[in-house]
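Visitor: One structure, pasted below without further comment.
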Amino acid sequence: MRILALVAALVVAPALARAEARLDGGQIDHGVVVEARLGSQLVDIVTGTTPGSGTTFAGVSGGIFGGYKIKRFIFGLGFDLARVASGASVSGSNTTTSSATTSIMFTPGLSVAILRSADKRVELFGQFDMGFGTTVGDSVATGENIFRFGYDVGPGVRYWVHPQFAFGALAGVNGAFTWDTRSAMGGMPSTTSSSGLTSIFAQLQFMGVF
């Protein structure tokens with residue numbers, strides 16, 4: 001039994017030492033990051049060649065983020081999926097129209113812990129993401145190609161419920177820019193249009209570090 005206990009100690013002790021060496025107060029110091037995100041736009045400020053008055057926007061977005069944590073810094077690549085529904089009505093008429101599109105974005109991002117509590121379980125962080133993608137849906141015509149560029153930046157608060165798991169909440173500014181190219185079809189020439197949308201957004205995050 002003593003021999004088994006000695007063997008177990010020799011095997012377990014190095015693993016515990018490595019795990020303890022990775023700890024930085026109430027959170028793990030470095031490791032692979034996997035994060036789930038759920039966000040929503042709150043206020044829309046329209047610029048550029050976007051739909052006119054009478055158009056309303058409502059949407060929710062969700063995505064996943066994978067990367068690496070080194071002390072205060074987290075960097076990696078996110079995949080975001082957003083479904084946006086829009087509706088328009090004509091004043092004095094019961095006529096309404098609606099459509100829905102799905103946007104796909106690949107988003108490199110960086111998060112930096114700015115302030116931490118003494119036990120390092122609560123931290124104020126800043127986040128900056130910049131993404132590239134496209135849009136598909138029932139409002140995208142045949143021969144139409146949509147390229148999207150976007151960013152989001154803002155402060156957030158993160159709480160480490162366990163050295164490897166944390167919840168976060170973030171609010172900030174989101175910018176979305178679109179270039180829409182339509183191929184020549186049916187005697188109609190090819191066209192290119194652009195639009196920009198700046199909004200205030202909020203996001204919930206759940207992160208694991210391994």
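Labeling convention for the structure tokens: chains A, B, ... as they appear, residues from 1 per chain, ligands from 1 in order of appearance.
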Give the strand (DSSP E) residues of range 70-168 of chain A, as DSSP finds them on the backbone, and put them as a ChimeraX atom specification.

Guide: /A:70,73-89,96-116,122-137,144-162,165-168

Visitor: Which of these residues is nearest to Phe210 in chain A, using only C-alpha atoms: A:Gly31, A:Pro108, A:Gly154, A:Gly133?

Guide: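 So, comparing all the options, the nearest one is A:Gly31.
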
Visitor: Could you check which of A:Ser193, A:Ala176, A:Met105, A:Ala166 is closest to Asn145 in chain A, using only C-alpha atoms?

Guide: A:Ser193

Visitor: Hey, which of A:Leu124, A:Val112, A:Ala171, A:Ile70 ends up closest to Arg22 in chain A? Count only C-alpha atoms.

Guide: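 Between A:Leu124, A:Val112, A:Ala171, A:Ile70, the residue approaching Arg22 in chain A most closely is A:Ile70.
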